[in-house]
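S.K.: Sending over a structure as structure tokens; questions will come in a sec.
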Amino acid sequence: VQLAEFGGGLVQPGGSLRLTCEASGFAFSSYAMGWFRQAPGKERELVARIFFNGGSPHYADSVKGRFNISRHRTKNTVYLQMNSLKPEDTAVYYCHAHVLQRDFWGQGTQVTVSS
């Protein structure tokens, strides 16, 4: 299983970014996918999760109404569209898959929200 994130960067408050996770090495269309984040000095937390069929996305309360998770079945890709970004969204964002009772993570991509 390999997960590779792209799309992080520096953005001003109120701005937008789209993160991309490219997945390989497993039956992508059969598994839920998630985005987590970890800020300095804090525990890693779930940001959003999407079921294998793209239905019933789940969001952390802190990002509801601002973030949107989606997936592309044939491209083996999951996206996180982040709008109305706030300084407290600053963190390393990780793509996650739970495959055959094991957790897999990407290398992470830094998102910094600052003026």
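Here, A, B, ... name the chains of the structure tokens in the order displayed, residue numbers run from 1 inside each chain, and ligands are numbered from 1 in the same displayed order.
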Write out as an MDAnalysis selection string which residues come within 9 Å of Arg73 (chain A) when counting only C-alpha atoms, dropping same-chain ones fewer than 3 positions away.
M.R.: chainID A and resid 28:29 52:54 76:78
S.K.: Applying 12 Å and only C-alpha atoms, which residues near Arg44 (chain A) remain after dropping the ones on its own chain fewer than 2 positions away? List them as number ranges by chain.
M.R.: A: 35-42, 46-47, 91-96, 105, 108
S.K.: For a quick check of understanding, using only C-alpha atoms, which of A:Glu88, A:Asn83, A:Gln101, A:Gly106 has the smallest distance to Gly14 (chain A)?
M.R.: A:Asn83
S.K.: Select, from A:Thr20, A:Ser114, A:Thr109, A:Thr90, the residue with the minimum atom-to-atom distance to Ile69 (chain A), counting only C-alpha atoms.
M.R.: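 When distances to Ile69 (chain A) are compared using only C-alpha atoms, the smallest one comes from A:Thr20.
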S.K.: Set the distance at 7 Å and use only C-alpha atoms: which residues neighbour Gly8 (chain A) once local chain neighbours fewer than 6 positions away are removed? I'd like the list as JSON, numbers by chain.
M.R.: {"A": [19, 109, 110, 111]}
S.K.: Taking into account only C-alpha atoms, which residue in the set A:Asp61, A:Asp103, A:Ala4, A:Arg18 is nearest to Tyr31 (chain A)?
M.R.: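 Residue with the minimum atom-to-atom distance to Tyr31 (chain A): A:Asp103.
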S.K.: Would you return as a PyMOL selection string the members of region 12-83 of chain A that DSSP assigns to strand (DSSP E or B) on this structure's backbone?
M.R.: chain A and resi 17-24+33-38+45-50+58-59+67-72+77-82
S.K.: Those same residues - C-alpha atoms - I'd like them written as a PDB file, in the first residue's frame.
M.R.:
```
ATOM      1  CA  LEU A  17      -6.368  24.655  -1.098  1.00  0.00           C
ATOM      2  CA  ARG A  18      -7.058  21.245  -2.588  1.00  0.00           C
ATOM      3  CA  LEU A  19      -5.118  18.264  -1.324  1.00  0.00           C
ATOM      4  CA  THR A  20      -4.727  15.147  -3.452  1.00  0.00           C
ATOM      5  CA  CYS A  21      -3.862  11.635  -2.320  1.00  0.00           C
ATOM      6  CA  GLU A  22      -2.793   9.084  -4.912  1.00  0.00           C
ATOM      7  CA  ALA A  23      -3.244   5.498  -3.717  1.00  0.00           C
ATOM      8  CA  SER A  24      -1.733   2.287  -5.050  1.00  0.00           C
ATOM      9  CA  MET A  33     -10.272   6.635   2.798  1.00  0.00           C
ATOM     10  CA  GLY A  34      -9.549   9.421   5.220  1.00  0.00           C
ATOM     11  CA  TRP A  35      -7.651  12.630   5.816  1.00  0.00           C
ATOM     12  CA  PHE A  36      -6.036  13.330   9.192  1.00  0.00           C
ATOM     13  CA  ARG A  37      -3.984  16.249  10.398  1.00  0.00           C
ATOM     14  CA  GLN A  38      -1.445  16.903  13.106  1.00  0.00           C
ATOM     15  CA  GLU A  45      -6.942  13.989  14.431  1.00  0.00           C
ATOM     16  CA  LEU A  46      -9.462  12.849  11.855  1.00  0.00           C
ATOM     17  CA  VAL A  47     -10.483  15.598   9.451  1.00  0.00           C
ATOM     18  CA  ALA A  48     -12.712  13.730   7.007  1.00  0.00           C
ATOM     19  CA  ARG A  49     -13.524  10.209   5.873  1.00  0.00           C
ATOM     20  CA  ILE A  50     -15.328   8.837   2.855  1.00  0.00           C
ATOM     21  CA  HIS A  58     -17.883  12.266   7.728  1.00  0.00           C
ATOM     22  CA  TYR A  59     -16.245  15.504   8.894  1.00  0.00           C
ATOM     23  CA  PHE A  67     -13.995  21.159   3.746  1.00  0.00           C
ATOM     24  CA  ASN A  68     -15.188  18.603   1.225  1.00  0.00           C
ATOM     25  CA  ILE A  69     -13.807  15.105   0.713  1.00  0.00           C
ATOM     26  CA  SER A  70     -14.292  13.251  -2.555  1.00  0.00           C
ATOM     27  CA  ARG A  71     -12.784  10.336  -4.456  1.00  0.00           C
ATOM     28  CA  HIS A  72     -12.233   9.295  -8.023  1.00  0.00           C
ATOM     29  CA  THR A  77      -7.392   9.292  -5.881  1.00  0.00           C
ATOM     30  CA  VAL A  78      -9.001  11.030  -2.928  1.00  0.00           C
ATOM     31  CA  TYR A  79      -9.264  14.780  -2.595  1.00  0.00           C
ATOM     32  CA  LEU A  80      -9.743  17.246   0.224  1.00  0.00           C
ATOM     33  CA  GLN A  81     -11.063  20.628  -0.873  1.00  0.00           C
ATOM     34  CA  MET A  82     -10.423  23.142   1.890  1.00  0.00           C
TER      35      MET A  82
END
```
S.K.: Hey, which of A:Arg102, A:Ser84, A:Gly7, A:Phe51 ends up closest to Ser30 (chain A)? Count only C-alpha atoms.
M.R.: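 Once distances to Ser30 (chain A) are computed over only C-alpha atoms, the minimum belongs to A:Phe51.
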S.K.: Determine the nearest neighbour of Thr112 (chain A) from the options A:Ala60, A:Ala27, A:Val11, A:Ala97, counting only C-alpha atoms.
M.R.: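 Checking each candidate against Thr112 (chain A), we get A:Val11 as the closest.
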S.K.: Point out the residue among A:Gln12, A:Thr74, A:Ser56, A:Gln107 with the least atom-to-atom distance to Asp89 (chain A), counting only C-alpha atoms.
M.R.: A:Gln12
